[in-house]
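> This structure is in structure tokens; I'll ask about it shortly.
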Amino acid sequence: MKYYREQQGISQTQLSIICDCGTGTIGGIESGKAKPSFDMIIKISEALKIHPADLFLRNASSSKENLRETLKQDFDKIISKL
């Protein structure tokens, strides 16, 4: 969520206003300390103009081939650091 929020230049405060929740809620979700409700997932995805699945796995809504390539690149970076 933070990735998409920052990519669009939206602050936590702005997202909280759009989603009609507190900034603590957005911060908690981003840090993994809070779990959003289904309704909040929908609000956030609509506010960020992304598919809800993208909140769980970046680019999850893209084609399988694109997803495969994205994961390969991510894993290659992690493996190279090991």
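Chain labels A, B, ... are given in the sequence in which chains occur in the structure tokens; within each chain residues are numbered consecutively from 1, and ligands are likewise numbered from 1 in the order shown.
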With only C-alpha atoms as the counted atoms, please give the residues lying no more than 12 Å from range 20-29 of chain A, apart from itself and same-chain residues fewer than 3 positions off, as a PyMOL selection string.
chain A and resi 1-2+5+10-17+32-37+39-41+43-44+47+55-56
> Using N, CA, C and O atoms, can you export the residues from the last selection as an mmCIF file, in the first residue's frame?

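Saved the output as out01.cif:
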```
data_model
loop_
_atom_site.group_PDB
_atom_site.id
_atom_site.type_symbol
_atom_site.label_atom_id
_atom_site.label_comp_id
_atom_site.auth_asym_id
_atom_site.auth_seq_id
_atom_site.Cartn_x
_atom_site.Cartn_y
_atom_site.Cartn_z
ATOM 1 N N MET A 1 0.825 -1.179 0.000
ATOM 2 C CA MET A 1 0.000 0.000 0.000
ATOM 3 C C MET A 1 0.878 1.257 0.000
ATOM 4 O O MET A 1 0.620 2.184 -0.770
ATOM 5 N N LYS A 2 1.900 1.250 0.829
ATOM 6 C CA LYS A 2 2.789 2.403 0.891
ATOM 7 C C LYS A 2 3.438 2.671 -0.469
ATOM 8 O O LYS A 2 3.564 3.816 -0.879
ATOM 9 N N ARG A 5 0.889 4.357 -2.633
ATOM 10 C CA ARG A 5 0.579 5.673 -2.090
ATOM 11 C C ARG A 5 1.710 6.654 -2.420
ATOM 12 O O ARG A 5 1.458 7.754 -2.921
ATOM 13 N N ILE A 10 0.725 10.650 -2.592
ATOM 14 C CA ILE A 10 -0.350 10.866 -1.623
ATOM 15 C C ILE A 10 0.212 10.611 -0.229
ATOM 16 O O ILE A 10 0.852 9.588 0.012
ATOM 17 N N SER A 11 -0.041 11.527 0.701
ATOM 18 C CA SER A 11 0.415 11.343 2.076
ATOM 19 C C SER A 11 -0.559 10.426 2.820
ATOM 20 O O SER A 11 -1.686 10.188 2.365
ATOM 21 N N GLN A 12 -0.118 9.942 3.973
ATOM 22 C CA GLN A 12 -1.012 9.127 4.802
ATOM 23 C C GLN A 12 -2.240 9.934 5.200
ATOM 24 O O GLN A 12 -3.354 9.405 5.220
ATOM 25 N N THR A 13 -2.040 11.196 5.489
ATOM 26 C CA THR A 13 -3.158 12.065 5.873
ATOM 27 C C THR A 13 -4.157 12.201 4.729
ATOM 28 O O THR A 13 -5.370 12.092 4.945
ATOM 29 N N GLN A 14 -3.652 12.438 3.521
ATOM 30 C CA GLN A 14 -4.550 12.563 2.369
ATOM 31 C C GLN A 14 -5.326 11.271 2.140
ATOM 32 O O GLN A 14 -6.531 11.301 1.886
ATOM 33 N N LEU A 15 -4.639 10.126 2.238
ATOM 34 C CA LEU A 15 -5.311 8.840 2.035
ATOM 35 C C LEU A 15 -6.347 8.607 3.120
ATOM 36 O O LEU A 15 -7.444 8.108 2.833
ATOM 37 N N SER A 16 -6.038 8.982 4.347
ATOM 38 C CA SER A 16 -6.998 8.788 5.431
ATOM 39 C C SER A 16 -8.250 9.634 5.218
ATOM 40 O O SER A 16 -9.361 9.192 5.526
ATOM 41 N N ILE A 17 -8.080 10.826 4.681
ATOM 42 C CA ILE A 17 -9.238 11.688 4.396
ATOM 43 C C ILE A 17 -10.091 11.067 3.294
ATOM 44 O O ILE A 17 -11.317 10.992 3.410
ATOM 45 N N GLY A 32 1.813 -2.992 9.279
ATOM 46 C CA GLY A 32 1.431 -4.368 9.575
ATOM 47 C C GLY A 32 0.876 -4.560 10.974
ATOM 48 O O GLY A 32 0.618 -5.687 11.394
ATOM 49 N N LYS A 33 0.660 -3.483 11.693
ATOM 50 C CA LYS A 33 0.130 -3.570 13.053
ATOM 51 C C LYS A 33 -1.397 -3.622 13.082
ATOM 52 O O LYS A 33 -1.970 -3.987 14.091
ATOM 53 N N ALA A 34 -2.016 -3.228 11.995
ATOM 54 C CA ALA A 34 -3.484 -3.244 11.897
ATOM 55 C C ALA A 34 -3.887 -3.999 10.651
ATOM 56 O O ALA A 34 -3.183 -3.972 9.636
ATOM 57 N N LYS A 35 -5.004 -4.673 10.741
ATOM 58 C CA LYS A 35 -5.523 -5.418 9.603
ATOM 59 C C LYS A 35 -6.794 -4.721 9.102
ATOM 60 O O LYS A 35 -7.728 -4.538 9.864
ATOM 61 N N PRO A 36 -6.794 -4.318 7.825
ATOM 62 C CA PRO A 36 -7.955 -3.588 7.304
ATOM 63 C C PRO A 36 -9.153 -4.506 7.086
ATOM 64 O O PRO A 36 -8.994 -5.687 6.784
ATOM 65 N N SER A 37 -10.325 -3.937 7.246
ATOM 66 C CA SER A 37 -11.552 -4.669 6.922
ATOM 67 C C SER A 37 -11.670 -4.777 5.409
ATOM 68 O O SER A 37 -10.958 -4.084 4.662
ATOM 69 N N ASP A 39 -14.110 -3.717 3.623
ATOM 70 C CA ASP A 39 -14.566 -2.410 3.131
ATOM 71 C C ASP A 39 -13.414 -1.419 3.023
ATOM 72 O O ASP A 39 -13.335 -0.642 2.072
ATOM 73 N N MET A 40 -12.481 -1.459 3.996
ATOM 74 C CA MET A 40 -11.339 -0.553 3.958
ATOM 75 C C MET A 40 -10.409 -0.919 2.804
ATOM 76 O O MET A 40 -9.859 -0.023 2.147
ATOM 77 N N ILE A 41 -10.240 -2.199 2.534
ATOM 78 C CA ILE A 41 -9.415 -2.630 1.399
ATOM 79 C C ILE A 41 -9.976 -2.053 0.103
ATOM 80 O O ILE A 41 -9.234 -1.550 -0.732
ATOM 81 N N LYS A 43 -11.929 0.649 -0.194
ATOM 82 C CA LYS A 43 -11.747 2.104 -0.177
ATOM 83 C C LYS A 43 -10.318 2.486 -0.560
ATOM 84 O O LYS A 43 -10.097 3.400 -1.347
ATOM 85 N N ILE A 44 -9.361 1.789 0.029
ATOM 86 C CA ILE A 44 -7.955 2.097 -0.243
ATOM 87 C C ILE A 44 -7.615 1.834 -1.703
ATOM 88 O O ILE A 44 -6.971 2.649 -2.360
ATOM 89 N N ALA A 47 -9.090 4.493 -3.821
ATOM 90 C CA ALA A 47 -8.373 5.758 -3.643
ATOM 91 C C ALA A 47 -7.045 5.753 -4.384
ATOM 92 O O ALA A 47 -6.635 6.771 -4.948
ATOM 93 N N LEU A 55 -2.846 -4.811 -3.302
ATOM 94 C CA LEU A 55 -2.486 -4.454 -1.935
ATOM 95 C C LEU A 55 -1.799 -5.609 -1.214
ATOM 96 O O LEU A 55 -1.088 -5.410 -0.239
ATOM 97 N N PHE A 56 -2.030 -6.827 -1.696
ATOM 98 C CA PHE A 56 -1.451 -8.005 -1.054
ATOM 99 C C PHE A 56 -0.183 -8.476 -1.752
ATOM 100 O O PHE A 56 0.716 -9.020 -1.135
#
```
> Provide the CA of Tyr3 in chain A to CA of Glu30 in chain A distance in Å, to one decimal place.
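Going from CA of Tyr3 in chain A over to CA of Glu30 in chain A, I get 9.5 Å.
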> As a PyMOL selection string, please: every residue in chain A that DSSP puts in helix (DSSP H, G or I).
chain A and resi 2-7+12-18+23-31+38-48+52-55+64-81
> Mind pulling up the distance from CA of Lys72 in chain A to CA of Pro52 in chain A?
22.1 Å
> Report the distance between CA of Glu46 in chain A and CA of Cys19 in chain A in Å, rounded to one decimal place.
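Computing it gives 9.0 Å between the two atoms.
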